[in-house]
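Structure below is query22.cif: mmCIF, C-alpha atoms.
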```
data_entry
#
loop_
_atom_site.group_PDB
_atom_site.id
_atom_site.type_symbol
_atom_site.label_atom_id
_atom_site.label_comp_id
_atom_site.auth_asym_id
_atom_site.auth_seq_id
_atom_site.Cartn_x
_atom_site.Cartn_y
_atom_site.Cartn_z
ATOM 1 C CA MET A 1 111.616 84.915 106.616
ATOM 2 C CA SER A 2 114.919 83.097 106.131
ATOM 3 C CA ASP A 3 116.507 82.313 102.762
ATOM 4 C CA GLU A 4 117.741 78.986 104.108
ATOM 5 C CA PRO A 5 115.981 75.856 102.839
ATOM 6 C CA ALA A 6 113.570 74.102 105.176
ATOM 7 C CA ALA A 7 114.941 71.248 107.231
ATOM 8 C CA GLU A 8 114.275 67.818 105.735
ATOM 9 C CA LYS A 9 111.964 66.902 108.623
ATOM 10 C CA THR A 10 109.938 70.085 108.088
ATOM 11 C CA LEU A 11 109.668 69.384 104.370
ATOM 12 C CA TYR A 12 108.343 65.869 105.000
ATOM 13 C CA GLU A 13 105.843 67.242 107.525
ATOM 14 C CA TYR A 14 104.587 69.757 104.938
ATOM 15 C CA LEU A 15 104.322 67.082 102.247
ATOM 16 C CA ASN A 16 102.507 64.733 104.624
ATOM 17 C CA THR A 17 100.022 67.489 105.495
ATOM 18 C CA LEU A 18 99.431 68.310 101.818
ATOM 19 C CA GLU A 19 98.798 64.608 101.090
ATOM 20 C CA ARG A 20 96.364 64.273 104.011
ATOM 21 C CA LEU A 21 94.480 67.316 102.700
ATOM 22 C CA PHE A 22 94.390 65.719 99.219
ATOM 23 C CA LEU A 23 96.205 68.693 97.708
ATOM 24 C CA ILE A 24 99.044 66.676 96.165
ATOM 25 C CA GLU A 25 99.174 63.229 94.607
ATOM 26 C CA ASP A 26 102.182 61.049 93.930
ATOM 27 C CA GLN A 27 102.648 59.497 90.506
ATOM 28 C CA GLN A 28 104.666 56.298 90.805
ATOM 29 C CA PRO A 29 107.235 55.220 88.193
ATOM 30 C CA TRP A 30 106.445 52.485 85.666
ATOM 31 C CA SER A 31 108.640 49.385 85.613
ATOM 32 C CA PRO A 32 108.386 47.469 82.348
ATOM 33 C CA ALA A 33 110.661 44.589 81.455
ATOM 34 C CA LEU A 34 113.599 46.219 79.734
ATOM 35 C CA ARG A 35 115.948 44.980 77.109
ATOM 36 C CA SER A 36 118.506 47.652 77.941
ATOM 37 C CA ARG A 37 120.392 48.134 81.175
ATOM 38 C CA ALA A 38 118.913 51.581 81.653
ATOM 39 C CA ARG A 39 118.298 52.527 85.258
ATOM 40 C CA LEU A 40 114.792 53.747 85.901
ATOM 41 C CA SER A 41 113.713 56.540 88.173
ATOM 42 C CA LYS A 42 112.199 55.222 91.400
ATOM 43 C CA THR A 43 111.168 58.533 92.910
ATOM 44 C CA PRO A 44 107.489 59.443 92.621
ATOM 45 C CA LYS A 45 106.528 62.630 90.800
ATOM 46 C CA ARG A 46 104.293 64.952 92.771
ATOM 47 C CA HIS A 47 101.333 66.660 91.174
ATOM 48 C CA LEU A 48 98.849 69.136 92.517
ATOM 49 C CA ALA A 49 95.447 67.510 92.846
ATOM 50 C CA ASP A 50 93.961 70.671 91.331
ATOM 51 C CA PRO A 51 96.456 72.929 89.522
ATOM 52 C CA SER A 52 94.033 75.856 89.625
ATOM 53 C CA LEU A 53 94.730 76.119 93.367
ATOM 54 C CA ALA A 54 98.328 77.143 92.643
ATOM 55 C CA VAL A 55 97.192 79.713 90.084
ATOM 56 C CA ALA A 56 94.688 81.183 92.550
ATOM 57 C CA ALA A 57 97.109 81.134 95.495
ATOM 58 C CA LEU A 58 99.730 83.034 93.512
ATOM 59 C CA GLY A 59 97.242 85.366 91.874
ATOM 60 C CA ALA A 60 98.730 84.554 88.487
ATOM 61 C CA SER A 61 97.198 86.406 85.565
ATOM 62 C CA VAL A 62 96.660 85.017 82.090
ATOM 63 C CA ASP A 63 99.305 87.411 80.736
ATOM 64 C CA ARG A 64 101.830 86.112 83.251
ATOM 65 C CA LEU A 65 100.948 82.441 82.697
ATOM 66 C CA LEU A 66 101.190 82.720 78.927
ATOM 67 C CA GLY A 67 104.172 85.062 78.994
ATOM 68 C CA PRO A 68 107.167 84.897 81.322
ATOM 69 C CA GLU A 69 105.766 81.943 83.310
ATOM 70 C CA ILE A 70 104.962 79.723 80.329
ATOM 71 C CA GLU A 71 107.263 76.908 81.538
ATOM 72 C CA TRP A 72 105.449 76.838 84.876
ATOM 73 C CA THR A 73 102.155 76.776 82.972
ATOM 74 C CA GLY A 74 103.418 73.645 81.193
ATOM 75 C CA PHE A 75 103.915 71.906 84.543
ATOM 76 C CA LEU A 76 100.403 72.897 85.614
ATOM 77 C CA PHE A 77 98.990 71.599 82.319
ATOM 78 C CA GLU A 78 100.814 68.287 82.816
ATOM 79 C CA SER A 79 99.376 67.997 86.343
ATOM 80 C CA GLN A 80 95.881 68.626 84.991
ATOM 81 C CA VAL A 81 96.244 66.000 82.254
ATOM 82 C CA VAL A 82 97.642 63.428 84.722
ATOM 83 C CA HIS A 83 94.695 64.163 87.017
ATOM 84 C CA ASP A 84 92.248 63.635 84.149
ATOM 85 C CA LEU A 85 93.977 60.407 83.076
ATOM 86 C CA ARG A 86 93.657 59.098 86.655
ATOM 87 C CA VAL A 87 89.928 59.818 86.639
ATOM 88 C CA TYR A 88 89.504 57.986 83.324
ATOM 89 C CA ALA A 89 91.757 55.064 84.343
ATOM 90 C CA GLN A 90 90.129 54.290 87.715
ATOM 91 C CA PRO A 91 86.977 52.544 86.408
ATOM 92 C CA HIS A 92 89.237 50.271 84.339
ATOM 93 C CA ARG A 93 91.372 49.387 87.360
ATOM 94 C CA ALA A 94 94.347 50.928 85.640
ATOM 95 C CA GLU A 95 97.265 52.820 87.175
ATOM 96 C CA VAL A 96 98.741 56.082 85.891
ATOM 97 C CA ARG A 97 102.511 56.010 86.215
ATOM 98 C CA TYR A 98 105.424 57.716 84.464
ATOM 99 C CA TYR A 99 108.603 56.522 82.751
ATOM 100 C CA ARG A 100 112.054 58.072 83.054
ATOM 101 C CA ASP A 101 115.397 56.351 82.650
ATOM 102 C CA ASN A 102 118.991 57.357 83.300
ATOM 103 C CA VAL A 103 119.418 58.847 79.808
ATOM 104 C CA ASP A 104 116.383 61.144 80.321
ATOM 105 C CA LEU A 105 114.092 59.171 78.046
ATOM 106 C CA GLU A 106 110.622 59.785 79.434
ATOM 107 C CA ALA A 107 106.889 59.530 79.072
ATOM 108 C CA ASP A 108 104.833 61.864 81.243
ATOM 109 C CA ALA A 109 102.200 59.203 81.860
ATOM 110 C CA ILE A 110 101.833 55.475 81.330
ATOM 111 C CA ILE A 111 98.395 54.002 81.874
ATOM 112 C CA GLU A 112 98.749 50.301 82.637
ATOM 113 C CA ARG A 113 95.865 47.914 83.173
ATOM 114 C CA ASP A 114 96.179 44.876 85.425
ATOM 115 C CA ASP A 115 96.396 42.636 82.323
ATOM 116 C CA GLY A 116 99.605 44.414 81.259
ATOM 117 C CA GLN A 117 98.093 46.487 78.431
ATOM 118 C CA TRP A 118 99.503 50.005 78.446
ATOM 119 C CA ALA A 119 99.478 53.338 76.671
ATOM 120 C CA ALA A 120 102.088 56.091 76.904
ATOM 121 C CA PHE A 121 101.401 59.842 76.988
ATOM 122 C CA GLU A 122 103.508 62.961 76.543
ATOM 123 C CA VAL A 123 101.953 66.277 77.550
ATOM 124 C CA LYS A 124 103.081 69.362 75.631
ATOM 125 C CA LEU A 125 101.860 72.928 75.826
ATOM 126 C CA GLY A 126 102.544 73.788 72.191
ATOM 127 C CA GLN A 127 102.314 72.350 68.698
ATOM 128 C CA SER A 128 106.039 72.902 68.106
ATOM 129 C CA TRP A 129 106.853 70.162 70.651
ATOM 130 C CA ILE A 130 104.753 67.399 69.065
ATOM 131 C CA ASP A 131 107.457 65.874 66.831
ATOM 132 C CA GLY A 132 109.927 65.545 69.716
ATOM 133 C CA ALA A 133 107.250 64.121 72.008
ATOM 134 C CA ALA A 134 106.229 61.547 69.379
ATOM 135 C CA ALA A 135 109.863 60.505 68.894
ATOM 136 C CA SER A 136 110.285 60.117 72.650
ATOM 137 C CA LEU A 137 107.190 57.925 72.915
ATOM 138 C CA ARG A 138 108.330 55.706 70.039
ATOM 139 C CA LYS A 139 111.728 55.352 71.714
ATOM 140 C CA VAL A 140 110.091 54.304 75.000
ATOM 141 C CA ARG A 141 108.196 51.565 73.155
ATOM 142 C CA GLU A 142 111.434 50.466 71.420
ATOM 143 C CA THR A 143 113.248 50.302 74.767
ATOM 144 C CA VAL A 144 110.961 47.729 76.355
ATOM 145 C CA THR A 145 111.028 44.025 75.524
ATOM 146 C CA GLU A 146 109.143 42.766 72.458
ATOM 147 C CA GLU A 147 106.559 41.213 74.754
ATOM 148 C CA ALA A 148 105.959 44.510 76.569
ATOM 149 C CA ALA A 149 105.932 46.478 73.287
ATOM 150 C CA ALA A 150 103.230 44.129 71.929
ATOM 151 C CA ARG A 151 101.006 45.141 74.891
ATOM 152 C CA CYS A 152 101.260 48.850 73.971
ATOM 153 C CA GLY A 153 97.824 50.011 72.878
ATOM 154 C CA ALA A 154 98.655 53.608 71.996
ATOM 155 C CA LEU A 155 101.224 56.371 72.019
ATOM 156 C CA VAL A 156 99.551 59.736 72.620
ATOM 157 C CA VAL A 157 100.697 63.367 72.644
ATOM 158 C CA VAL A 158 98.287 65.662 74.502
ATOM 159 C CA THR A 159 98.265 69.372 73.684
ATOM 160 C CA PRO A 160 95.770 72.005 74.845
ATOM 161 C CA ASP A 161 94.060 72.643 71.529
ATOM 162 C CA SER A 162 94.811 69.936 68.993
ATOM 163 C CA PRO A 163 92.205 68.149 66.934
ATOM 164 C CA THR A 164 92.522 64.396 67.363
ATOM 165 C CA CYS A 165 94.521 62.754 64.588
ATOM 166 C CA ARG A 166 96.811 59.793 64.019
ATOM 167 C CA ARG A 167 100.175 60.741 62.575
ATOM 168 C CA ASP A 168 101.936 58.700 59.882
ATOM 169 C CA ASP A 169 104.142 57.154 62.609
ATOM 170 C CA GLY A 170 101.044 55.901 64.479
ATOM 171 C CA VAL A 171 101.257 58.408 67.341
ATOM 172 C CA ILE A 172 97.917 59.950 68.262
ATOM 173 C CA VAL A 173 97.759 63.706 68.886
ATOM 174 C CA THR A 174 94.785 64.941 70.873
ATOM 175 C CA SER A 175 93.553 67.413 73.488
ATOM 176 C CA PRO A 176 92.284 66.844 77.042
ATOM 177 C CA ALA A 177 88.713 67.411 75.842
ATOM 178 C CA ALA A 178 88.932 64.302 73.650
ATOM 179 C CA LEU A 179 90.383 62.051 76.380
ATOM 180 C CA GLY A 180 87.184 61.621 78.352
ATOM 181 C CA PRO A 181 84.632 58.864 78.033
#
```
structure tokens encoding of this file:
Amino acid sequence: MSDEPAAEKTLYEYLNTLERLFLIEDQQPWSPALRSRARLSKTPKRHLADPSLAVAALGASVDRLLGPEIEWTGFLFESQVVHDLRVYAQPHRAEVRYYRDNVDLEADAIIERDDGQWAAFEVKLGQSWIDGAAASLRKVRETVTEEAAARCGALVVVTPDSPTCRRDDGVIVTSPAALGP
């Protein structure tokens, strides 16, 4: 096996195959009306359709996932939450997108209905990240026009094991178990 990266054509063939097999899903960027001149990311984020497949394929143990591979576990958790949000959004004809601008302001997921109503989500693996995630979500809402901000229904931080509560700043903290219908 070579240490050289795969040719671009080979990479696209692999990605195309994974999409046809429904193993990966693209998450498109969200494009609100902005007051600032921030440039938005236009590249889709790729998520595993079922993050447990990666865990099984690599034979990752719980000790490894919660120890030296904790950052990777965070990416898997985000993919799982985005998957769940897509399932919940579909009956409402809503899209699950993401927000990232040129100054690295981001929201892991934006659910937007066809009437323009939206909610922003940050996915964090630990309680220690909640304050930063809440600040980021509030900043996203402040970045969009007043009209777009008025259509924001909720700012939500999702962690694996949090009880659902509304913080003093209005940001909701919850777990994936509480997201469902």
- prompt: Near range 121-128 of chain A, counting all atoms listed in the file, which residues have an atom at most 7 Å away, once you skip same-chain residues fewer than 4 positions from it, shown as JSON, numbers by chain?
  reply: {"A": [74, 78, 107, 108, 109, 110, 133, 155, 156, 157, 158, 159, 160]}
- prompt: So which residues are close to (110.3, 49.5, 88.2), meaning at most 7 Å away in the file's coordinates with all atoms listed in the file counted, and can you show them as a ChimeraX atom specification?
  reply: /A:29-32,40,42
message: Please determine, counting all atoms listed in the file, which residue among A:Glu4, A:Pro68, A:Val55, A:Gln27 has the shortest atom-to-atom distance to Glu95 in chain A.
response: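 That would be A:Gln27, the residue with the smallest distance to Glu95 in chain A.
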task: Quick one: residues within 12 Å of (97.2, 68.3, 100.0) (file frame), counting all atoms listed in the file, please, as a list of chain:residue names.
output: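 Applying the cut-off with all atoms listed in the file, one gets A:Glu13, A:Tyr14, A:Leu15, A:Asn16, A:Thr17, A:Leu18, A:Glu19, A:Arg20, A:Leu21, A:Phe22, A:Leu23, A:Ile24, A:Glu25, A:Asp26, A:Arg46, A:His47, A:Leu48, A:Ala49, A:Asp50, A:Pro51, A:Leu53, A:Ala54.
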message: Take the PyMOL selection byres ((chain A and resi 170-172) around 10), run it mentally on this structure, and tell me the resulting residues as a ChimeraX atom specification.
response: /A:120-121,130-131,133-135,137-138,154-158,164-169,173-174
- request: Could you tell me how far CA of Val96 in chain A lies from CA of Glu8 in chain A, in Å and to one decimal?
  value: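 We find that CA of Val96 in chain A and CA of Glu8 in chain A lie 27.8 Å from each other.
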query: How far is it from CA of Val62 in chain A to CA of Ala177 in chain A, in Å with one decimal?
result: 20.3 Å
task: May I ask which of the residues A:Asp84, A:Leu11, A:Gly67, A:Pro44 is the closest one to Ser175 in chain A, counting only C-alpha atoms?
output: A:Asp84
- request: For CA of Leu76 in chain A and CA of Ala94 in chain A, determine how far apart the two atoms are, in Å to one decimal place.
  value: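 One can read the CA of Leu76 in chain A to CA of Ala94 in chain A distance as 22.8 Å.
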- prompt: Of the residues A:Leu58, A:Arg93, A:Phe75, A:Pro176, which is the one nearest to Asp161 in chain A, using all atoms listed in the file?
  reply: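 Residue with the minimum atom-to-atom distance to Asp161 in chain A: A:Pro176.
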task: Tell me which of A:Trp118, A:Lys45, A:Leu65, A:Arg113 sits closest to Val144 in chain A, counting all atoms listed in the file.
output: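 Residue with the minimum atom-to-atom distance to Val144 in chain A: A:Trp118.
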